[in-house]
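Asks: File work.tsv follows (TSV, C-alpha atoms and all ligand atoms):
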```
chain	number	residue	atom	x	y	z
S	1	MET	CA	-41.18	42.00	-18.50
S	2	ALA	CA	-41.95	45.66	-17.77
S	3	PRO	CA	-39.09	47.38	-15.89
S	4	VAL	CA	-39.55	48.62	-12.34
S	5	VAL	CA	-39.73	52.43	-12.38
S	6	LEU	CA	-37.93	54.36	-9.64
S	7	ARG	CA	-38.71	58.05	-9.18
S	8	THR	CA	-36.59	59.21	-6.23
S	9	VAL	CA	-33.00	59.05	-4.98
S	10	ALA	CA	-34.22	57.21	-1.86
S	11	GLU	CA	-35.82	54.51	-4.04
S	12	VAL	CA	-32.56	54.07	-6.00
S	13	LYS	CA	-30.54	53.79	-2.77
S	14	ALA	CA	-32.89	51.14	-1.38
S	15	TRP	CA	-32.83	49.17	-4.65
S	16	THR	CA	-29.03	49.25	-5.07
S	17	ALA	CA	-28.55	48.25	-1.40
S	18	GLY	CA	-30.59	45.11	-2.18
S	19	LEU	CA	-28.42	44.38	-5.22
S	20	ARG	CA	-25.24	44.65	-3.20
S	21	ARG	CA	-26.59	42.33	-0.50
S	22	GLU	CA	-27.26	39.76	-3.23
S	23	GLY	CA	-23.80	40.35	-4.81
S	24	ARG	CA	-25.33	41.09	-8.21
S	25	ARG	CA	-23.39	43.04	-10.88
S	26	LEU	CA	-25.07	46.14	-12.29
S	27	ALA	CA	-24.80	47.75	-15.74
S	28	LEU	CA	-26.07	51.34	-16.01
S	29	VAL	CA	-27.14	53.09	-19.22
S	30	PRO	CA	-27.67	56.82	-18.59
S	31	THR	CA	-29.95	58.48	-21.19
S	32	MET	CA	-32.13	61.53	-21.74
S	33	GLY	CA	-34.92	59.34	-23.13
S	34	TYR	CA	-36.70	59.39	-26.50
S	35	LEU	CA	-34.87	56.13	-27.00
S	36	HIS	CA	-33.69	54.77	-30.34
S	37	ASP	CA	-31.76	51.69	-31.46
S	38	GLY	CA	-28.47	53.30	-30.38
S	39	HIS	CA	-29.66	53.37	-26.76
S	40	LEU	CA	-31.08	49.84	-27.07
S	41	SER	CA	-27.69	48.55	-28.27
S	42	LEU	CA	-26.15	49.88	-25.03
S	43	MET	CA	-28.83	48.15	-22.95
S	44	ARG	CA	-28.38	44.82	-24.75
S	45	GLU	CA	-24.61	45.05	-24.32
S	46	GLY	CA	-25.18	45.81	-20.62
S	47	ARG	CA	-27.26	42.63	-20.32
S	48	GLY	CA	-24.31	40.59	-21.52
S	49	ARG	CA	-21.89	42.24	-19.09
S	50	ALA	CA	-23.85	42.25	-15.82
S	51	ASP	CA	-26.62	40.47	-13.90
S	52	VAL	CA	-28.93	43.48	-13.79
S	53	VAL	CA	-29.44	46.44	-16.16
S	54	ALA	CA	-30.66	49.88	-15.11
S	55	THR	CA	-31.35	52.88	-17.31
S	56	SER	CA	-31.83	56.48	-16.30
S	57	ILE	CA	-34.15	58.74	-18.27
S	58	PHE	CA	-33.57	62.35	-17.32
S	59	VAL	CA	-33.43	65.43	-19.53
S	60	ASN	CA	-30.61	67.10	-17.61
S	61	PRO	CA	-31.14	70.88	-17.56
S	62	THR	CA	-27.55	71.77	-16.58
S	63	GLN	CA	-26.12	70.54	-19.89
S	64	PHE	CA	-28.32	72.85	-22.02
S	65	GLY	CA	-27.32	76.43	-22.83
S	66	PRO	CA	-29.86	79.26	-22.37
S	67	ARG	CA	-30.71	79.33	-26.10
S	68	GLU	CA	-30.74	75.55	-26.59
S	69	ASP	CA	-33.62	73.08	-26.91
S	70	LEU	CA	-34.26	72.06	-23.26
S	71	SER	CA	-37.96	72.99	-23.28
S	72	ARG	CA	-38.72	71.20	-26.55
S	73	TYR	CA	-36.38	68.20	-26.15
S	74	PRO	CA	-38.52	65.20	-27.25
S	75	ARG	CA	-40.02	63.12	-24.44
S	76	ASP	CA	-42.04	59.87	-24.50
S	77	LEU	CA	-41.81	58.01	-21.19
S	78	SER	CA	-44.41	55.33	-21.96
S	79	GLY	CA	-42.82	54.55	-25.35
S	80	ASP	CA	-39.39	54.49	-23.68
S	81	LEU	CA	-40.57	52.03	-21.01
S	82	ALA	CA	-41.84	49.65	-23.71
S	83	LYS	CA	-38.46	49.86	-25.51
S	84	CYS	CA	-36.60	49.26	-22.23
S	85	ALA	CA	-38.73	46.15	-21.66
S	86	SER	CA	-37.86	44.88	-25.16
S	87	ALA	CA	-34.12	45.37	-24.44
S	88	GLY	CA	-34.27	43.49	-21.13
S	89	VAL	CA	-33.85	46.49	-18.80
S	90	ASP	CA	-34.75	45.63	-15.20
S	91	VAL	CA	-35.04	49.09	-13.67
S	92	VAL	CA	-35.67	52.59	-15.05
S	93	PHE	CA	-34.80	55.63	-12.96
S	94	ALA	CA	-36.99	58.46	-14.23
S	95	PRO	CA	-36.85	61.44	-11.85
S	96	GLU	CA	-40.16	63.28	-11.99
S	97	ASP	CA	-38.57	66.72	-12.12
S	98	PRO	CA	-35.11	68.36	-12.00
S	99	ASN	CA	-35.36	68.96	-8.24
S	100	VAL	CA	-34.78	65.26	-7.67
S	101	MET	CA	-31.21	65.67	-8.95
S	102	TYR	CA	-30.79	69.37	-8.15
S	103	PRO	CA	-32.74	70.03	-4.92
S	104	PRO	CA	-32.81	73.51	-3.38
S	105	GLY	CA	-29.32	74.29	-2.04
S	106	TYR	CA	-27.60	72.12	-4.65
S	107	GLN	CA	-24.11	73.53	-5.34
S	108	THR	CA	-21.65	70.85	-6.46
S	109	TYR	CA	-20.13	70.57	-9.97
S	110	VAL	CA	-17.29	68.67	-11.59
S	111	GLU	CA	-14.95	70.25	-14.13
S	112	VAL	CA	-12.97	68.09	-16.55
S	113	THR	CA	-10.31	70.53	-17.70
S	114	GLU	CA	-8.69	69.07	-20.83
S	115	VAL	CA	-10.84	66.81	-22.99
S	116	SER	CA	-13.80	69.15	-22.49
S	117	GLN	CA	-11.91	71.95	-24.28
S	118	GLY	CA	-12.58	72.72	-27.95
S	119	MET	CA	-15.25	71.34	-30.29
S	120	CYS	CA	-18.59	70.91	-28.41
S	121	GLY	CA	-16.93	72.25	-25.25
S	122	GLU	CA	-16.16	75.53	-27.01
S	123	ARG	CA	-19.38	75.81	-29.04
S	124	ARG	CA	-21.63	74.86	-26.10
S	125	PRO	CA	-20.17	76.63	-23.03
S	126	GLY	CA	-21.08	74.82	-19.81
S	127	HIS	CA	-22.35	71.73	-21.64
S	128	PHE	CA	-19.70	69.29	-20.37
S	129	ARG	CA	-19.88	70.76	-16.86
S	130	GLY	CA	-23.55	69.73	-16.87
S	131	VAL	CA	-22.83	66.31	-18.39
S	132	ALA	CA	-20.00	65.71	-15.92
S	133	ILE	CA	-22.06	66.46	-12.82
S	134	ILE	CA	-25.11	64.44	-13.81
S	135	VAL	CA	-23.00	61.42	-14.83
S	136	THR	CA	-20.96	61.71	-11.61
S	137	GLN	CA	-24.19	61.84	-9.59
S	138	LEU	CA	-25.57	58.78	-11.38
S	139	LEU	CA	-22.35	56.76	-11.01
S	140	CYS	CA	-22.14	57.63	-7.28
S	141	LEU	CA	-25.81	56.85	-6.72
S	142	PHE	CA	-25.99	53.54	-8.59
S	143	ARG	CA	-22.34	52.44	-8.12
S	144	PRO	CA	-22.58	50.16	-11.20
S	145	GLU	CA	-19.81	47.79	-12.23
S	146	VAL	CA	-20.28	48.89	-15.87
S	147	ALA	CA	-21.72	52.02	-17.52
S	148	LEU	CA	-22.32	52.23	-21.25
S	149	PHE	CA	-22.31	55.27	-23.56
S	150	GLY	CA	-22.50	55.75	-27.33
S	151	GLU	CA	-19.48	56.83	-29.37
S	152	LYS	CA	-21.75	59.22	-31.29
S	153	ASP	CA	-21.08	61.65	-28.43
S	154	TYR	CA	-17.36	60.97	-28.69
S	155	GLN	CA	-16.08	64.01	-26.76
S	156	GLN	CA	-18.65	63.31	-24.02
S	157	LEU	CA	-17.35	59.73	-23.77
S	158	GLN	CA	-13.79	61.00	-23.19
S	159	VAL	CA	-15.06	63.46	-20.54
S	160	ILE	CA	-16.81	60.60	-18.72
S	161	LYS	CA	-13.74	58.35	-18.92
S	162	ALA	CA	-11.62	61.17	-17.46
S	163	LEU	CA	-13.92	61.89	-14.50
S	164	ASN	CA	-14.29	58.19	-13.74
S	165	ARG	CA	-10.51	57.80	-13.70
S	166	ASP	CA	-9.68	61.01	-11.83
S	167	LEU	CA	-12.37	60.59	-9.15
S	168	HIS	CA	-11.46	56.90	-8.61
S	169	LEU	CA	-15.04	55.81	-9.30
S	170	GLY	CA	-13.84	52.43	-10.53
S	171	VAL	CA	-16.61	51.92	-13.08
S	172	ASP	CA	-15.88	50.06	-16.31
S	173	ILE	CA	-16.85	52.77	-18.84
S	174	VAL	CA	-17.77	51.12	-22.13
S	175	GLY	CA	-18.08	53.10	-25.38
S	176	MET	CA	-20.23	51.45	-28.05
S	177	PRO	CA	-20.14	52.11	-31.81
S	178	THR	CA	-22.59	54.62	-33.27
S	179	VAL	CA	-25.76	52.97	-34.59
S	180	ARG	CA	-26.77	54.31	-38.01
S	181	GLU	CA	-29.86	54.33	-40.16
S	182	PRO	CA	-29.46	52.21	-43.34
S	183	ASP	CA	-28.55	55.39	-45.28
S	184	GLY	CA	-25.76	56.28	-42.83
S	185	LEU	CA	-27.43	58.92	-40.63
S	186	ALA	CA	-26.23	58.56	-37.03
S	187	MET	CA	-29.18	57.79	-34.76
S	188	SER	CA	-30.01	60.67	-32.43
S	189	SER	CA	-33.10	61.74	-30.49
S	190	ARG	CA	-32.70	65.14	-32.18
S	191	ASN	CA	-33.26	63.58	-35.65
S	192	ALA	CA	-36.96	63.91	-34.73
S	193	TYR	CA	-36.62	67.68	-35.35
S	194	LEU	CA	-35.63	67.21	-39.03
S	195	SER	CA	-38.02	67.77	-41.94
S	196	PRO	CA	-37.68	65.13	-44.72
S	197	GLU	CA	-35.57	67.59	-46.73
S	198	GLU	CA	-33.32	68.51	-43.77
S	199	ARG	CA	-32.89	64.81	-43.02
S	200	GLN	CA	-31.78	64.17	-46.60
S	201	ARG	CA	-29.23	67.00	-46.39
S	202	ALA	CA	-28.03	65.73	-43.00
S	203	LEU	CA	-26.60	62.64	-44.73
S	204	SER	CA	-23.69	64.89	-45.76
S	205	LEU	CA	-22.13	64.47	-42.28
S	206	SER	CA	-21.65	60.69	-42.56
S	207	ARG	CA	-20.89	60.95	-46.30
S	208	GLY	CA	-18.09	63.45	-45.59
S	209	LEU	CA	-16.62	61.33	-42.79
S	210	LYS	CA	-16.68	58.24	-45.03
S	211	ALA	CA	-14.99	60.19	-47.83
S	212	ALA	CA	-12.22	61.17	-45.37
S	213	GLN	CA	-11.81	57.52	-44.31
S	214	THR	CA	-11.42	56.56	-47.96
S	215	LEU	CA	-8.86	59.33	-48.55
S	216	LEU	CA	-6.80	58.11	-45.59
S	217	LYS	CA	-6.90	54.52	-46.87
S	218	GLU	CA	-5.58	55.85	-50.19
S	219	GLY	CA	-2.66	57.53	-48.39
S	220	THR	CA	-3.82	61.11	-47.71
S	221	ARG	CA	-2.75	61.94	-44.15
S	222	GLU	CA	-2.99	65.76	-43.88
S	223	ALA	CA	-5.71	67.20	-41.66
S	224	SER	CA	-6.46	69.94	-44.20
S	225	ALA	CA	-7.40	67.36	-46.87
S	226	LEU	CA	-9.34	65.07	-44.49
S	227	VAL	CA	-11.25	67.97	-42.92
S	228	GLY	CA	-11.73	69.42	-46.43
S	229	ALA	CA	-13.49	66.22	-47.55
S	230	VAL	CA	-16.14	66.72	-44.85
S	231	ARG	CA	-16.47	70.46	-45.54
S	232	ARG	CA	-17.06	69.80	-49.24
S	233	GLU	CA	-20.01	67.51	-48.46
S	234	LEU	CA	-21.49	69.98	-45.94
S	235	GLU	CA	-21.19	72.83	-48.41
S	236	ALA	CA	-22.71	70.81	-51.27
S	237	ALA	CA	-25.70	70.00	-49.05
S	238	GLY	CA	-26.04	73.59	-47.83
S	239	LEU	CA	-25.34	72.79	-44.17
S	240	ARG	CA	-23.84	75.38	-41.82
S	241	GLU	CA	-20.65	74.01	-40.26
S	242	ASP	CA	-20.17	74.39	-36.51
S	243	TYR	CA	-16.81	72.62	-36.57
S	244	VAL	CA	-14.87	69.88	-38.35
S	245	GLU	CA	-11.77	68.72	-36.46
S	246	LEU	CA	-9.15	66.00	-36.69
S	247	VAL	CA	-7.91	65.06	-33.20
S	248	ASP	CA	-6.03	62.26	-31.52
S	249	ALA	CA	-8.50	59.63	-30.37
S	250	GLU	CA	-7.82	59.77	-26.63
S	251	ARG	CA	-6.65	63.22	-25.56
S	252	LEU	CA	-8.58	65.00	-28.34
S	253	LYS	CA	-5.62	67.24	-29.23
S	254	PRO	CA	-5.83	68.71	-32.75
S	255	LEU	CA	-3.64	66.91	-35.30
S	256	ALA	CA	-1.96	68.33	-38.41
S	257	GLN	CA	-1.86	64.84	-39.89
S	258	VAL	CA	-2.52	61.18	-39.06
S	259	ALA	CA	0.84	59.51	-38.45
S	260	PRO	CA	1.21	55.84	-39.50
S	261	GLY	CA	-0.33	53.62	-36.79
S	262	GLN	CA	-1.87	56.59	-34.96
S	263	SER	CA	-5.50	56.44	-33.68
S	264	ALA	CA	-7.22	59.62	-34.77
S	265	ARG	CA	-10.84	60.73	-34.82
S	266	LEU	CA	-12.59	63.08	-37.19
S	267	LEU	CA	-15.50	64.95	-35.56
S	268	VAL	CA	-18.13	67.17	-37.15
S	269	ALA	CA	-20.98	69.35	-35.94
S	270	ALA	CA	-23.28	71.15	-38.39
S	271	PHE	CA	-26.76	72.65	-38.63
S	272	SER	CA	-29.37	71.15	-40.95
S	273	GLY	CA	-32.00	73.88	-40.82
S	274	THR	CA	-31.97	74.89	-37.16
S	275	THR	CA	-31.06	71.42	-35.87
S	276	ARG	CA	-27.51	70.93	-34.68
S	277	LEU	CA	-26.19	67.45	-35.48
S	278	ILE	CA	-22.91	65.78	-34.53
S	279	ASP	CA	-21.11	62.75	-35.91
S	280	ASN	CA	-17.59	61.27	-35.91
S	281	MET	CA	-15.60	58.35	-37.25
S	282	PRO	CA	-12.25	56.75	-36.44
S	283	LEU	CA	-9.33	57.42	-38.74
S	284	GLY	CA	-6.28	55.17	-38.66
S	285	GLY	CA	-5.17	53.19	-35.62
G	301	LIG	O1	-25.76	61.32	-23.89
G	301	LIG	C1	-26.74	61.64	-23.18
G	301	LIG	O2	-27.88	61.22	-23.42
G	301	LIG	C2	-26.54	62.57	-22.00
G	301	LIG	O3	-25.59	63.54	-22.28
G	301	LIG	C3	-26.19	61.83	-20.70
G	301	LIG	C4	-24.88	61.08	-20.79
G	301	LIG	C5	-27.31	60.84	-20.37
G	301	LIG	C6	-26.10	62.83	-19.55
G	301	LIG	O4	-27.28	63.54	-19.38
```
Please render this file's structure as structure tokens.
Replies:
Amino acid sequence: MAPVVLRTVAEVKAWTAGLRREGRRLALVPTMGYLHDGHLSLMREGRGRADVVATSIFVNPTQFGPREDLSRYPRDLSGDLAKCASAGVDVVFAPEDPNVMYPPGYQTYVEVTEVSQGMCGERRPGHFRGVAIIVTQLLCLFRPEVALFGEKDYQQLQVIKALNRDLHLGVDIVGMPTVREPDGLAMSSRNAYLSPEERQRALSLSRGLKAAQTLLKEGTREASALVGAVRRELEAAGLREDYVELVDAERLKPLAQVAPGQSARLLVAAFSGTTRLIDNMPLGG
């Protein structure tokens, strides 16, 4: 069945009030649209965890830097609504313009001070401030029992877990594994920017991460060697590295090595042509 489309904050408030009266559990999947199978996996998981599933589709301007791709970010609302219907989404919140979330006089932001440092936080100043405020707004507006996010944006997931905990929002924040194309490329709305040749070269991100996983299984624990395995693949494919970092899986502190039994994460960002791509995989744990 086609999802109900809500356009305003008042419509969301009226709809969620009805849900609460009926005692129905809500799962929320926040997105920026141009949906792919990664998003759909979050929606399907939401279906299994709640009575009702809502998705937001909003290209959030505050998380884009001045020289980033806000104006050309891919959009396809009618295609997205058909995909939401196929994944069993009940309601789509698609604000018509940024003023719905940031009306004149808007002045409130949320700063997550630790896990938003380094990596994407350093390379994209202000990015996590924008993510944090839009996700906080959505969680306060919908008050879902569960909200689902992809592990592809691993640092973002830790930022969201921190704000949910520190602001006592009480939402069950669920991180879901990255969905990949058959050749290993992590699904991302920004893959639409890649030429066939850039897409081929972009496979070096997942290849490098896999090579590092194999090295660790064989007993190599040093960050320099694990990070080096990713860098070698990026270099061979001619990609420009933004960062490659080995961090502990929860607090995202840089690690010199993966200790036995430790949960670590290897994260990479690199440019294929002019398109910035990110990926990550677990190491150890
Ligand atoms: O991951 C995304 O699509 C966005 O960063 C999010 C979480 C929907 C906030 O705009």
Asks: Please extract the residues at most 6 Å from ligand LIG 301 (chain G), counting all atoms listed in the file, and provide them as a ChimeraX atom specification, using the chain letters and residue numbers of this document.
Replies: /S:30-32,60,131,135
Asks: What is the atom CA of Asn164 of chain S-atom CA of Glu114 of chain S distance in Å, reported with one decimal?
Replies: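 Interatomic distance, atom CA of Asn164 of chain S to atom CA of Glu114 of chain S: 14.1 Å.
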Asks: Ranking S:Lys210, S:Lys161, S:Arg47, S:Arg72 by minimum distance to Gly184 of chain S and counting all atoms listed in the file, which one comes first?
Replies: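 Of S:Lys210, S:Lys161, S:Arg47, S:Arg72, the one nearest Gly184 of chain S, counting all atoms listed in the file, is S:Lys210.
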Asks: Between atom CA of Val92 of chain S and atom CA of Leu28 of chain S, what is the distance, to one decimal in Å?
Replies: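 Between atom CA of Val92 of chain S and atom CA of Leu28 of chain S the gap is 9.7 Å.
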Asks: Give me the residues within 8 Å of segment 237-254 of chain S as a tab-separated table (two decimals) with C-alpha atoms, in the frame of the given file, counting only C-alpha atoms and dropping any in the same chain fewer than 4 places off.
Replies:
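See out18.tsv below for the written result:
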```tsv
chain	number	residue	atom	x	y	z
S	114	GLU	CA	-8.69	69.07	-20.83
S	115	VAL	CA	-10.84	66.81	-22.99
S	119	MET	CA	-15.25	71.34	-30.29
S	123	ARG	CA	-19.38	75.81	-29.04
S	155	GLN	CA	-16.08	64.01	-26.76
S	158	GLN	CA	-13.79	61.00	-23.19
S	201	ARG	CA	-29.23	67.00	-46.39
S	202	ALA	CA	-28.03	65.73	-43.00
S	204	SER	CA	-23.69	64.89	-45.76
S	223	ALA	CA	-5.71	67.20	-41.66
S	226	LEU	CA	-9.34	65.07	-44.49
S	227	VAL	CA	-11.25	67.97	-42.92
S	230	VAL	CA	-16.14	66.72	-44.85
S	231	ARG	CA	-16.47	70.46	-45.54
S	233	GLU	CA	-20.01	67.51	-48.46
S	262	GLN	CA	-1.87	56.59	-34.96
S	263	SER	CA	-5.50	56.44	-33.68
S	264	ALA	CA	-7.22	59.62	-34.77
S	265	ARG	CA	-10.84	60.73	-34.82
S	266	LEU	CA	-12.59	63.08	-37.19
S	267	LEU	CA	-15.50	64.95	-35.56
S	268	VAL	CA	-18.13	67.17	-37.15
S	269	ALA	CA	-20.98	69.35	-35.94
S	270	ALA	CA	-23.28	71.15	-38.39
S	271	PHE	CA	-26.76	72.65	-38.63
S	272	SER	CA	-29.37	71.15	-40.95
S	273	GLY	CA	-32.00	73.88	-40.82
S	282	PRO	CA	-12.25	56.75	-36.44
```
Asks: Please measure the separation of atom CA of Ala162 of chain S and atom CA of Ser116 of chain S, giving the value in Å to one decimal.
Replies: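 If I compute the distance from atom CA of Ala162 of chain S to atom CA of Ser116 of chain S, I get 9.7 Å.
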Asks: I want to know what sits within 7 Å of Val29 of chain S, based on all atoms listed in the file, with residues of the same chain fewer than 5 positions away left out; could you give that as a VMD selection string?
Replies: chain S and resid 42 to 43 54 to 56 147 to 149
Asks: Choose the residue, out of S:Gly170, S:Gly38, S:Gly284, S:Gly33, that has the smallest atom-to-atom separation from Ser78 of chain S; count only C-alpha atoms.
Replies: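 Once distances to Ser78 of chain S are computed over only C-alpha atoms, the minimum belongs to S:Gly33.
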Asks: From the set S:Ala212, S:Ala94, S:Ile278, S:Ala27, which residue has the shortest atom-to-atom contact distance to Tyr154 of chain S, counting only C-alpha atoms?
Replies: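 Counting only C-alpha atoms, the residue closest to Tyr154 of chain S is S:Ile278.
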Asks: From the list S:Glu22, S:Asp80, S:Leu141, S:Glu68, which residue is nearest Thr8 of chain S when using all atoms listed in the file?
Replies: S:Leu141
Asks: Here is a test: counting only C-alpha atoms, which residue of S:Thr220, S:Val174, S:Leu169, S:Arg67 is nearest to Pro125 of chain S?
Replies: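 Of S:Thr220, S:Val174, S:Leu169, S:Arg67, the one nearest Pro125 of chain S, counting only C-alpha atoms, is S:Arg67.
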Asks: Report as a ChimeraX atom specification all protein, DNA and RNA residues lying within 8 Å of Thr62 of chain S, evaluated on only C-alpha atoms, omitting residues in the same chain fewer than 3 positions from it.
Replies: /S:65,126-127,129-131
Asks: Near Tyr102 of chain S, counting all atoms listed in the file, which residues have an atom at most 12 Å away, once you skip same-chain residues fewer than 3 positions from it, shown as a PyMOL selection string?
Replies: chain S and resi 8-9+58+60-62+95-99+105-109+130+133-134+137
Asks: Counting all atoms listed in the file, find residues at most 7 Å from (-32.6, 63.9, -2.7) (file frame) and give them as number ranges by chain.
Replies: S: 9-10, 100-101, 103
Asks: Show me the residues close to (-40.7, 46.2, -16.1) - anything with an atom within 10 Å, counting only C-alpha atoms - and format the list as a PDB file with C-alpha atoms, keeping the file's coordinate frame.
Replies:
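Generated file (part_31.pdb):
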```pdb
ATOM      1  CA  MET S   1     -41.180  42.000 -18.500  1.00  0.00           C
ATOM      2  CA  ALA S   2     -41.950  45.660 -17.770  1.00  0.00           C
ATOM      3  CA  PRO S   3     -39.090  47.380 -15.890  1.00  0.00           C
ATOM      4  CA  VAL S   4     -39.550  48.620 -12.340  1.00  0.00           C
ATOM      5  CA  VAL S   5     -39.730  52.430 -12.380  1.00  0.00           C
ATOM      6  CA  LEU S  81     -40.570  52.030 -21.010  1.00  0.00           C
ATOM      7  CA  ALA S  82     -41.840  49.650 -23.710  1.00  0.00           C
ATOM      8  CA  CYS S  84     -36.600  49.260 -22.230  1.00  0.00           C
ATOM      9  CA  ALA S  85     -38.730  46.150 -21.660  1.00  0.00           C
ATOM     10  CA  SER S  86     -37.860  44.880 -25.160  1.00  0.00           C
ATOM     11  CA  GLY S  88     -34.270  43.490 -21.130  1.00  0.00           C
ATOM     12  CA  VAL S  89     -33.850  46.490 -18.800  1.00  0.00           C
ATOM     13  CA  ASP S  90     -34.750  45.630 -15.200  1.00  0.00           C
ATOM     14  CA  VAL S  91     -35.040  49.090 -13.670  1.00  0.00           C
ATOM     15  CA  VAL S  92     -35.670  52.590 -15.050  1.00  0.00           C
TER      16      VAL S  92
END
```
Asks: Edge lengths and centre in Å to one decimal, as AutoDock Vina command-line options, is what I'm after for the box along x, y and z that holds all listed atoms of segment 14-17 of chain S once 8 Å is added on each side.
Replies:
```
--center_x -30.7 --center_y 49.7 --center_z -3.2 --size_x 20.3 --size_y 18.9 --size_z 19.7
```
Asks: Counting only C-alpha atoms, which residue out of S:Ala225, S:Ala50, S:Leu35, S:Leu77 sits closest to Asp172 of chain S?
Replies: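 Selected residue with least distance to Asp172 of chain S: S:Ala50.
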